[in-house]
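Have a look at query13.cif; it's mmCIF, C-alpha atoms and all ligand atoms:
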```cif
data_coords
#
loop_
_atom_site.label_atom_id
_atom_site.label_comp_id
_atom_site.auth_asym_id
_atom_site.auth_seq_id
_atom_site.Cartn_x
_atom_site.Cartn_y
_atom_site.Cartn_z
CA MET V 29 84.56 -95.34 66.46
CA ALA V 30 84.95 -98.95 65.33
CA GLU V 31 86.70 -101.41 67.63
CA VAL V 32 89.78 -103.14 66.22
CA LEU V 33 90.88 -106.32 67.98
CA VAL V 34 94.58 -107.18 68.26
CA ALA V 35 95.60 -110.65 69.44
CA ALA V 36 98.81 -110.73 71.49
CA TRP V 37 100.67 -112.90 73.97
CA ALA V 38 103.84 -110.86 74.43
CA ALA V 39 104.88 -107.23 74.69
CA ASN V 40 107.35 -107.20 71.83
CA LYS V 41 108.09 -105.23 68.68
CA LEU V 42 105.60 -107.13 66.55
CA THR V 43 102.81 -106.46 69.06
CA TYR V 44 103.69 -102.75 68.98
CA GLU V 45 103.69 -102.84 65.17
CA MET V 46 100.17 -104.33 65.24
CA LEU V 47 99.01 -101.68 67.71
CA THR V 48 100.45 -98.91 65.54
CA LEU V 49 98.62 -100.29 62.51
CA ALA V 50 95.38 -100.80 64.45
CA ARG V 51 95.36 -97.19 65.72
CA GLY V 52 94.87 -95.97 62.17
CA LEU V 53 91.69 -98.04 61.90
CA GLY V 54 89.75 -97.38 65.08
CA GLU V 55 89.56 -97.86 68.85
CA VAL V 56 92.19 -100.44 69.77
CA SER V 57 91.37 -103.42 71.99
CA VAL V 58 93.94 -106.10 72.70
CA VAL V 59 93.18 -109.62 73.79
CA VAL V 60 96.10 -111.09 75.71
CA LEU V 61 95.92 -114.84 75.20
CA GLY V 62 97.50 -116.58 78.17
CA GLY V 63 98.80 -115.27 81.41
CA PRO V 64 99.69 -113.37 83.34
CA GLY V 65 98.40 -110.79 80.86
CA GLY V 66 98.32 -108.03 83.48
CA ASP V 67 102.12 -107.96 83.40
CA ILE V 68 102.16 -106.54 79.89
CA ALA V 69 99.03 -104.39 80.09
CA ASP V 70 100.96 -101.16 80.79
CA ASN V 71 103.21 -101.76 77.77
CA LEU V 72 100.16 -102.28 75.56
CA ALA V 73 98.54 -99.06 76.83
CA GLU V 74 101.77 -97.22 75.99
CA TYR V 75 101.12 -98.08 72.33
CA GLY V 76 97.50 -97.02 72.31
CA ALA V 77 95.42 -99.96 73.62
CA SER V 78 92.31 -98.51 75.22
CA LYS V 79 90.83 -101.85 76.27
CA ILE V 80 92.70 -105.00 77.27
CA TYR V 81 90.88 -108.32 77.46
CA LEU V 82 92.76 -110.65 79.76
CA ALA V 83 92.20 -114.28 78.82
CA GLU V 84 94.19 -115.91 81.59
CA ASP V 85 93.79 -119.65 81.74
CA GLU V 86 96.33 -122.43 81.78
CA ALA V 87 94.50 -124.00 78.82
CA LEU V 88 95.95 -121.20 76.71
CA ASP V 89 99.50 -121.91 77.86
CA GLY V 90 99.37 -125.68 77.97
CA TYR V 91 97.80 -126.45 74.60
CA LEU V 92 98.58 -125.52 71.06
CA VAL V 93 96.74 -123.02 68.89
CA ALA V 94 93.16 -124.35 68.95
CA PRO V 95 92.14 -122.87 72.36
CA LYS V 96 93.45 -119.43 71.37
CA ALA V 97 91.38 -119.55 68.17
CA GLU V 98 88.28 -120.50 70.20
CA VAL V 99 88.73 -117.61 72.65
CA LEU V 100 89.21 -115.16 69.79
CA ALA V 101 86.17 -116.49 67.93
CA GLY V 102 84.07 -115.96 71.07
CA LEU V 103 85.24 -112.35 71.42
CA VAL V 104 84.66 -111.59 67.74
CA LYS V 105 81.11 -112.97 67.91
CA GLU V 106 80.41 -110.96 71.07
CA HIS V 107 81.95 -107.62 70.04
CA SER V 108 81.81 -107.63 66.20
CA PRO V 109 85.11 -105.74 65.76
CA ALA V 110 85.84 -103.95 62.48
CA ALA V 111 89.02 -106.00 62.01
CA VAL V 112 91.19 -108.58 63.81
CA LEU V 113 94.99 -108.38 63.70
CA LEU V 114 97.23 -111.32 64.61
CA PRO V 115 101.02 -111.73 64.66
CA GLY V 116 102.43 -112.95 61.34
CA THR V 117 104.37 -115.70 63.09
CA GLN V 118 103.90 -119.42 62.58
CA GLU V 119 101.69 -119.55 65.67
CA GLY V 120 99.73 -116.44 64.66
CA LYS V 121 99.12 -117.78 61.17
CA GLU V 122 97.91 -121.12 62.50
CA ILE V 123 95.51 -119.38 64.83
CA ALA V 124 94.30 -117.10 62.02
CA GLY V 125 93.54 -120.09 59.81
CA ARG V 126 91.55 -121.80 62.54
CA LEU V 127 89.77 -118.58 63.45
CA ALA V 128 88.77 -118.08 59.81
CA VAL V 129 87.21 -121.54 59.79
CA LEU V 130 85.38 -120.96 63.09
CA LEU V 131 84.00 -117.63 61.83
CA ASP V 132 83.49 -118.69 58.20
CA ASN V 133 85.58 -115.65 57.32
CA GLY V 134 88.31 -114.82 54.80
CA VAL V 135 91.89 -114.38 56.01
CA LEU V 136 94.87 -112.41 54.67
CA ALA V 137 98.46 -113.32 55.58
CA ASP V 138 101.71 -111.33 55.57
CA VAL V 139 99.93 -107.99 55.64
CA THR V 140 102.11 -104.87 55.74
CA GLY V 141 99.34 -102.26 55.64
CA LEU V 142 95.57 -102.02 56.13
CA ASP V 143 93.28 -99.06 55.47
CA ALA V 144 89.97 -98.14 57.06
CA GLU V 145 88.10 -99.65 54.07
CA GLY V 146 89.70 -103.02 54.86
CA VAL V 147 92.06 -102.98 51.87
CA ALA V 148 95.25 -104.77 52.89
CA THR V 149 98.71 -104.58 51.36
CA GLN V 150 100.30 -108.03 51.26
CA THR V 151 103.65 -109.39 50.20
CA ILE V 152 103.52 -112.45 47.96
CA PHE V 153 106.01 -114.54 45.94
CA ALA V 154 108.53 -114.65 48.78
CA GLY V 155 108.30 -110.91 49.34
CA GLY V 156 109.00 -110.12 45.69
CA THR V 157 105.61 -108.56 44.89
CA LEU V 158 103.16 -106.33 46.74
CA VAL V 159 99.44 -106.74 46.15
CA THR V 160 96.35 -105.13 47.62
CA SER V 161 93.56 -107.46 48.72
CA LYS V 162 90.27 -107.38 50.55
CA VAL V 163 88.36 -110.20 52.20
CA THR V 164 85.02 -110.65 50.52
CA LYS V 165 83.55 -112.76 53.31
CA GLY V 166 83.40 -111.37 56.84
CA ILE V 167 85.69 -108.80 58.45
CA PRO V 168 89.39 -108.16 57.68
CA LEU V 169 91.15 -110.97 59.52
CA VAL V 170 94.85 -110.37 58.96
CA THR V 171 98.25 -111.58 60.10
CA VAL V 172 100.74 -108.71 60.25
CA LYS V 173 104.16 -109.37 58.74
CA PRO V 174 106.92 -108.73 61.31
CA ASN V 175 109.19 -105.75 60.78
CA SER V 176 106.93 -104.09 58.22
CA LEU V 177 106.04 -100.99 60.25
CA THR V 178 107.84 -98.65 62.61
CA PRO V 179 106.10 -98.95 65.98
CA THR V 180 105.29 -95.58 67.55
CA PRO V 181 104.04 -95.08 71.11
CA ALA V 182 100.71 -93.30 71.76
CA PRO V 183 100.04 -93.56 75.51
CA ALA V 184 96.44 -94.33 76.43
CA THR V 185 94.54 -95.28 79.56
CA ALA V 186 93.54 -98.89 79.18
CA GLU V 187 90.49 -100.51 80.73
CA ARG V 188 91.19 -104.11 81.77
CA VAL V 189 88.48 -106.71 81.24
CA SER V 190 88.70 -110.33 82.37
CA VAL V 191 87.52 -112.84 79.81
CA ALA V 192 86.01 -116.17 80.86
CA VAL V 193 87.92 -118.89 79.00
CA SER V 194 86.02 -121.96 77.98
CA VAL V 195 87.88 -124.43 75.80
CA SER V 196 86.25 -127.37 74.02
CA ASP V 197 87.52 -130.92 74.55
CA ALA V 198 88.41 -131.05 70.86
CA ALA V 199 90.81 -128.12 71.32
CA LYS V 200 92.59 -129.97 74.11
CA GLN V 201 93.62 -132.90 71.94
CA VAL V 202 97.15 -131.63 71.36
CA THR V 203 99.39 -130.56 74.23
CA VAL V 204 102.79 -128.89 74.27
CA ASN V 205 105.56 -131.02 75.70
CA LYS V 206 108.39 -129.34 77.53
CA ARG V 207 110.95 -128.44 74.89
CA VAL V 208 114.35 -129.85 75.67
CA THR V 209 116.36 -128.74 72.66
CA GLU V 210 116.45 -124.99 73.26
CA PRO V 211 119.94 -123.58 72.72
CA LYS V 212 121.43 -122.17 75.89
CA GLY V 213 122.39 -118.54 76.28
CA ASP V 214 120.77 -115.21 76.72
CA ARG V 215 120.55 -113.95 73.16
CA PRO V 216 118.17 -111.32 71.82
CA GLU V 217 114.84 -112.32 70.29
CA LEU V 218 115.49 -113.26 66.64
CA ALA V 219 112.70 -111.18 65.07
CA GLU V 220 113.71 -108.07 67.00
CA ALA V 221 117.51 -108.28 67.18
CA SER V 222 119.55 -105.44 65.74
CA ILE V 223 122.25 -107.93 64.71
CA VAL V 224 121.59 -111.45 63.40
CA VAL V 225 124.23 -114.05 62.54
CA SER V 226 122.81 -116.95 60.52
CA GLY V 227 124.31 -120.24 59.47
CA GLY V 228 123.35 -122.48 56.58
CA ARG V 229 124.01 -125.94 55.26
CA GLY V 230 127.64 -124.92 54.82
CA VAL V 231 128.08 -125.13 58.61
CA GLY V 232 127.95 -128.90 58.16
CA THR V 233 126.87 -130.33 61.53
CA ALA V 234 124.91 -129.37 64.64
CA GLU V 235 128.10 -129.43 66.72
CA GLN V 236 129.82 -127.07 64.31
CA PHE V 237 126.97 -124.56 64.67
CA SER V 238 128.87 -123.38 67.76
CA VAL V 239 131.06 -121.35 65.36
CA ILE V 240 127.94 -119.32 64.47
CA GLU V 241 126.86 -119.02 68.12
CA GLU V 242 130.29 -117.89 69.27
CA PHE V 243 130.50 -115.23 66.59
CA ALA V 244 126.95 -114.09 67.39
CA ASP V 245 127.78 -113.80 71.08
CA LEU V 246 130.78 -111.58 70.33
CA LEU V 247 128.43 -109.19 68.54
CA GLY V 248 125.54 -109.51 71.02
CA ALA V 249 123.54 -110.92 68.13
CA ALA V 250 120.66 -113.35 67.71
CA VAL V 251 121.36 -116.63 65.89
CA GLY V 252 119.41 -117.58 62.78
CA ALA V 253 119.57 -120.44 60.31
CA SER V 254 118.56 -121.33 56.78
CA ARG V 255 115.90 -123.92 56.14
CA ALA V 256 118.50 -126.38 54.88
CA ALA V 257 120.17 -126.01 58.28
CA THR V 258 116.98 -126.44 60.28
CA ASP V 259 115.62 -129.28 58.11
CA GLY V 260 119.00 -130.97 58.40
CA GLY V 261 118.86 -130.86 62.21
CA LEU V 262 121.74 -128.40 62.52
CA TYR V 263 119.64 -125.90 64.47
CA PRO V 264 116.06 -125.76 65.86
CA HIS V 265 113.28 -124.79 63.44
CA LYS V 266 112.17 -121.78 65.45
CA PHE V 267 115.36 -120.01 64.36
CA GLN V 268 114.71 -120.45 60.64
CA VAL V 269 114.89 -117.19 58.71
CA GLY V 270 112.93 -116.85 55.48
CA GLN V 271 109.66 -117.17 53.69
CA THR V 272 108.45 -120.01 55.88
CA GLY V 273 110.36 -118.91 58.95
CA VAL V 274 111.01 -115.70 60.83
CA THR V 275 111.23 -112.33 59.03
CA VAL V 276 114.11 -110.24 60.31
CA SER V 277 115.18 -106.69 59.47
CA PRO V 278 118.26 -105.98 61.61
CA GLN V 279 120.89 -103.30 61.23
CA LEU V 280 123.39 -106.05 60.44
CA TYR V 281 122.75 -109.54 59.01
CA VAL V 282 125.64 -111.97 58.67
CA ALA V 283 124.95 -115.00 56.43
CA ALA V 284 127.56 -117.73 56.72
CA GLY V 285 127.42 -120.86 54.57
CA ILE V 286 124.10 -119.75 53.09
CA SER V 287 123.66 -119.73 49.30
CA GLY V 288 120.98 -117.02 49.22
CA ALA V 289 117.92 -118.80 47.82
CA ILE V 290 114.91 -116.55 47.14
CA GLN V 291 113.00 -118.11 50.03
CA HIS V 292 115.82 -117.24 52.44
CA ARG V 293 116.13 -113.71 51.07
CA ALA V 294 112.39 -113.19 51.63
CA GLY V 295 113.05 -113.18 55.36
CA MET V 296 116.16 -111.00 55.52
CA GLN V 297 116.56 -108.85 52.42
CA THR V 298 115.37 -105.68 54.15
CA SER V 299 118.32 -105.88 56.59
CA LYS V 300 120.23 -102.60 56.58
CA THR V 301 123.68 -104.11 56.03
CA ILE V 302 124.21 -107.66 54.77
CA VAL V 303 127.52 -109.47 55.14
CA ALA V 304 127.97 -112.82 53.39
CA VAL V 305 130.64 -115.44 53.99
CA ASN V 306 130.66 -118.19 51.38
CA LYS V 307 133.37 -120.25 49.76
CA ASP V 308 131.60 -120.11 46.36
CA ASP V 309 132.13 -116.70 44.75
CA GLY V 310 129.10 -117.35 42.52
CA ALA V 311 126.69 -117.84 45.43
CA PRO V 312 123.53 -115.70 44.89
CA ILE V 313 123.80 -114.25 48.40
CA PHE V 314 126.60 -112.02 47.08
CA GLU V 315 124.05 -110.29 44.79
CA ILE V 316 122.40 -108.67 47.81
CA ALA V 317 125.40 -108.48 50.16
CA ASP V 318 126.89 -105.10 51.07
CA PHE V 319 130.10 -106.86 52.10
CA GLY V 320 131.12 -110.29 50.88
CA VAL V 321 133.94 -112.56 51.96
CA VAL V 322 134.79 -115.48 49.67
CA GLY V 323 136.26 -118.03 52.01
CA ASP V 324 135.72 -120.89 54.43
CA LEU V 325 133.48 -119.77 57.27
CA PHE V 326 135.55 -121.85 59.70
CA ASP V 327 138.52 -119.60 58.88
CA VAL V 328 136.72 -116.30 58.37
CA LEU V 329 134.45 -116.18 61.43
CA PRO V 330 137.12 -117.06 64.05
CA GLN V 331 139.54 -114.57 62.45
CA ALA V 332 136.92 -111.83 62.41
CA GLY V 333 136.08 -112.79 65.99
CA GLU V 334 139.69 -112.28 67.09
CA GLU V 335 139.66 -108.80 65.56
CA ILE V 336 136.40 -107.95 67.35
CA LYS V 337 137.87 -109.11 70.67
CA LYS V 338 140.79 -106.68 70.25
CA ARG V 339 138.45 -103.67 70.06
P1 LIG E 401 122.59 -124.42 50.28
O1 LIG E 401 121.76 -123.81 49.21
O2 LIG E 401 122.98 -125.85 50.14
O3 LIG E 401 123.89 -123.51 50.41
C1 LIG E 401 124.96 -123.81 51.25
C2 LIG E 401 126.03 -122.80 50.96
O4 LIG E 401 127.12 -122.96 51.86
C3 LIG E 401 126.63 -122.91 49.55
O5 LIG E 401 126.50 -121.65 48.89
C4 LIG E 401 128.09 -123.28 49.79
O6 LIG E 401 128.97 -122.67 48.85
C5 LIG E 401 128.31 -122.72 51.18
N1 LIG E 401 129.37 -123.39 51.94
C6 LIG E 401 129.56 -124.72 52.12
N2 LIG E 401 130.58 -124.93 52.97
C7 LIG E 401 131.04 -123.71 53.34
C8 LIG E 401 132.09 -123.27 54.18
N3 LIG E 401 132.83 -124.15 54.88
N4 LIG E 401 132.32 -121.96 54.30
C9 LIG E 401 131.57 -121.05 53.61
N5 LIG E 401 130.56 -121.41 52.79
C10 LIG E 401 130.29 -122.72 52.67
N6 LIG E 401 114.99 -121.53 52.94
C11 LIG E 401 115.25 -120.70 53.97
O7 LIG E 401 116.41 -120.45 54.33
N7 LIG E 401 114.20 -120.15 54.67
C12 LIG E 401 112.91 -120.38 54.35
O8 LIG E 401 112.01 -119.87 55.03
C13 LIG E 401 112.62 -121.24 53.24
N8 LIG E 401 111.35 -121.49 52.86
C14 LIG E 401 111.13 -122.26 51.74
C15 LIG E 401 109.81 -122.43 51.28
C16 LIG E 401 109.58 -123.19 50.15
C17 LIG E 401 108.18 -123.34 49.68
C18 LIG E 401 110.66 -123.79 49.48
C19 LIG E 401 110.41 -124.61 48.23
C20 LIG E 401 111.95 -123.65 49.92
C21 LIG E 401 112.21 -122.87 51.07
N9 LIG E 401 113.50 -122.70 51.54
C22 LIG E 401 113.72 -121.82 52.57
C23 LIG E 401 114.64 -123.47 51.02
C24 LIG E 401 115.49 -122.71 50.03
O9 LIG E 401 114.98 -122.88 48.71
C25 LIG E 401 116.94 -123.25 50.05
O10 LIG E 401 116.92 -124.63 49.79
C26 LIG E 401 117.67 -123.03 51.37
O11 LIG E 401 117.56 -121.67 51.74
C27 LIG E 401 119.13 -123.39 51.20
O12 LIG E 401 119.80 -123.26 52.42
P2 LIG E 401 121.35 -123.02 52.45
O13 LIG E 401 121.66 -121.75 51.74
O14 LIG E 401 121.79 -123.15 53.87
O15 LIG E 401 121.90 -124.30 51.69
#
```
Would you give me this structure, written as C-alpha cells?
Ligand code: FAD
Amino acid sequence: MAEVLVAAWAANKLTYEMLTLARGLGEVSVVVLGGPGGDIADNLAEYGASKIYLAEDEALDGYLVAPKAEVLAGLVKEHSPAAVLLPGTQEGKEIAGRLAVLLDNGVLADVTGLDAEGVATQTIFAGGTLVTSKVTKGIPLVTVKPNSLTPTPAPATAERVSVAVSVSDAAKQVTVNKRVTEPKGDRPELAEASIVVSGGRGVGTAEQFSVIEEFADLLGAAVGASRAATDGGLYPHKFQVGQTGVTVSPQLYVAAGISGAIQHRAGMQTSKTIVAVNKDDGAPIFEIADFGVVGDLFDVLPQAGEEIKKR
C-alpha cells in the first residue's frame, strides 16, 4: 500500500481532517515538525497514523518555514510517498510553496478532497467555485483547506521514528522574534471554535475591540476580525477570517461591523448560523445572515451581553 505523508505540528482538528483524508489514499505516515512531537503521537495514532516521524530540533521551532520545508523535502526524497498533505494555513501554504520548489513539483492549495488517482477538489474564486485538478509534475503536493472534512477516528498502532534534522545556513536567515502583541485570555482556537465573534472596520479602534472580546468571552467564543480590521491595526493578523486568513465553520458566527465582502465570506460562509450586526441595512452581510440586527454594535452587543448574563 502506498505511503501518504502528512505534515503536522499540532494535534488539532485540521490535523485530524488531513489524517482522515490521507487514510483514503494509503498507509498514513505523519511527520511532526518541531518538538516535543512524542506528546501528540498518541493523538495522531487515534486518527490512523501508522508511522510517526519525529523531527525534533530547535531549528524547527526557532526559525520560520524554510527549515520545515527542507526536512519535508528530505523525507520525500528518501521515502517517495504517493502524496504529501500539509495544513491549509498561512504557514502550511508557505511551506508547501517552498517544498514544491525544492522538489521541482506542482502544488495544489485549498484542497477539500483527493482521490487515489491524485485528482484533487479545490475551491477557487474565494470559495465560490469548485474545480478538480491534478499536478502534472511530481506527486500530489496539497494543502488541505481547514473545516472541509469531518474528522473520524480510526485507532492504529503507530511506529515512532526519529528523523535527523539538518538545516542549511540559508534556511536560518530568518528567525521568529518573541511575539508581544498576543491578546490575553484563554479563548478557543479560532479555526476550531464552535462559536466565533468577529469585528470589522466598524469597531473603529484597537481599544474599542474590547467590545468584541467581552461579547466573545460571554459566549465562550473565539475572536475573529475582518481584513480591514487587521490591516488597520485593530486586531492581530493571525485572527483574520477570510480568503487570505483563517477559514472557520462554527455553529455560530457573529459578524459585527463587517460589511460582508466576498473575500470575508469565503472564510465563514459555511458557518451553521450567522448573526450580523451592522448599522447599514444594505450591508451585503445581511444576504447570508440567518439573523440580522440593524444597529450600532456599541449598543447591540452590550445589550445582548446583559441578556446573556441573566441566563
Ligand atoms: P468595511 O467594508 O469598511 O465595512 C465596515 C462595516 O461596518 C460597514 O458595513 C459599516 O456599515 C459597519 N459599521 C460601521 N460602524 C458601525 C457600528 N458602529 N456598528 C455597526 N456597524 C458599523 N477581507 C477579509 O475580511 N478577509 C480576507 O481574508 C480578505 N482577503 C482579501 C483578499 C484580497 C485579494 C482582496 C482584494 C481583499 C480581501 N479582503 C479580505 C478585503 C475585503 O475585500 C474587504 O475590504 C474587507 O473584508 C472589509 O472589511 P470590513 O467589512 O471590516 O470593512
Which residues are near ligand LIG 401 (chain E) in this structure, taking near to mean any atom at most 8 Å from a ligand atom and counting only C-alpha atoms and all ligand atoms? Format them as a PyMOL selection string. chain V and resi 227-232+253-257+268-274+284-295+305-309+311-313+322-326
Generate a file of the selected residues that holds C-alpha atoms, formatted as a PDB file, in the frame of the given file.
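Just written: selection-v3.pdb:
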```pdb
ATOM      1  CA  GLY V 227     124.310-120.240  59.470  1.00  0.00           C
ATOM      2  CA  GLY V 228     123.350-122.480  56.580  1.00  0.00           C
ATOM      3  CA  ARG V 229     124.010-125.940  55.260  1.00  0.00           C
ATOM      4  CA  GLY V 230     127.640-124.920  54.820  1.00  0.00           C
ATOM      5  CA  VAL V 231     128.080-125.130  58.610  1.00  0.00           C
ATOM      6  CA  GLY V 232     127.950-128.900  58.160  1.00  0.00           C
ATOM      7  CA  ALA V 253     119.570-120.440  60.310  1.00  0.00           C
ATOM      8  CA  SER V 254     118.560-121.330  56.780  1.00  0.00           C
ATOM      9  CA  ARG V 255     115.900-123.920  56.140  1.00  0.00           C
ATOM     10  CA  ALA V 256     118.500-126.380  54.880  1.00  0.00           C
ATOM     11  CA  ALA V 257     120.170-126.010  58.280  1.00  0.00           C
ATOM     12  CA  GLN V 268     114.710-120.450  60.640  1.00  0.00           C
ATOM     13  CA  VAL V 269     114.890-117.190  58.710  1.00  0.00           C
ATOM     14  CA  GLY V 270     112.930-116.850  55.480  1.00  0.00           C
ATOM     15  CA  GLN V 271     109.660-117.170  53.690  1.00  0.00           C
ATOM     16  CA  THR V 272     108.450-120.010  55.880  1.00  0.00           C
ATOM     17  CA  GLY V 273     110.360-118.910  58.950  1.00  0.00           C
ATOM     18  CA  VAL V 274     111.010-115.700  60.830  1.00  0.00           C
ATOM     19  CA  ALA V 284     127.560-117.730  56.720  1.00  0.00           C
ATOM     20  CA  GLY V 285     127.420-120.860  54.570  1.00  0.00           C
ATOM     21  CA  ILE V 286     124.100-119.750  53.090  1.00  0.00           C
ATOM     22  CA  SER V 287     123.660-119.730  49.300  1.00  0.00           C
ATOM     23  CA  GLY V 288     120.980-117.020  49.220  1.00  0.00           C
ATOM     24  CA  ALA V 289     117.920-118.800  47.820  1.00  0.00           C
ATOM     25  CA  ILE V 290     114.910-116.550  47.140  1.00  0.00           C
ATOM     26  CA  GLN V 291     113.000-118.110  50.030  1.00  0.00           C
ATOM     27  CA  HIS V 292     115.820-117.240  52.440  1.00  0.00           C
ATOM     28  CA  ARG V 293     116.130-113.710  51.070  1.00  0.00           C
ATOM     29  CA  ALA V 294     112.390-113.190  51.630  1.00  0.00           C
ATOM     30  CA  GLY V 295     113.050-113.180  55.360  1.00  0.00           C
ATOM     31  CA  VAL V 305     130.640-115.440  53.990  1.00  0.00           C
ATOM     32  CA  ASN V 306     130.660-118.190  51.380  1.00  0.00           C
ATOM     33  CA  LYS V 307     133.370-120.250  49.760  1.00  0.00           C
ATOM     34  CA  ASP V 308     131.600-120.110  46.360  1.00  0.00           C
ATOM     35  CA  ASP V 309     132.130-116.700  44.750  1.00  0.00           C
ATOM     36  CA  ALA V 311     126.690-117.840  45.430  1.00  0.00           C
ATOM     37  CA  PRO V 312     123.530-115.700  44.890  1.00  0.00           C
ATOM     38  CA  ILE V 313     123.800-114.250  48.400  1.00  0.00           C
ATOM     39  CA  VAL V 322     134.790-115.480  49.670  1.00  0.00           C
ATOM     40  CA  GLY V 323     136.260-118.030  52.010  1.00  0.00           C
ATOM     41  CA  ASP V 324     135.720-120.890  54.430  1.00  0.00           C
ATOM     42  CA  LEU V 325     133.480-119.770  57.270  1.00  0.00           C
ATOM     43  CA  PHE V 326     135.550-121.850  59.700  1.00  0.00           C
TER      44      PHE V 326
END
```
Exercise: residues within 8 Å of coordinate (96.4, -119.2, 68.9), counting only C-alpha atoms, as a PyMOL selection string: chain V and resi 61+92-97+119-120+122-124
Exercise: V:Ser190 partners within 12 Å, all atoms listed in the file, chain neighbours under 6 positions left out, as a VMD selection string: chain V and resid 58 to 66 79 to 85 103
Out of V:Leu53, V:Leu177, V:Ala219, V:Leu131, which residue has the shortest atom-to-atom distance to V:Asn40 when counting all atoms listed in the file?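 With all atoms listed in the file as the atom set, the closest residue is V:Ala219.
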Please identify all polymer residues within 12 Å of V:Ser161, counting only C-alpha atoms, omitting same-chain residues fewer than 3 positions from it, and present them as a PyMOL selection string. chain V and resi 134-143+145-152+158+164+168-170
Can you work out the spacing between atom CA of V:Ala39 and atom CA of V:His107 in Å, to one decimal? 23.4 Å
At what distance in Å, to one decimal, does atom CA of V:Leu329 lie from atom CA of V:Phe243?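 Result for atom CA of V:Phe243 versus atom CA of V:Leu329: 6.6 Å, one decimal.
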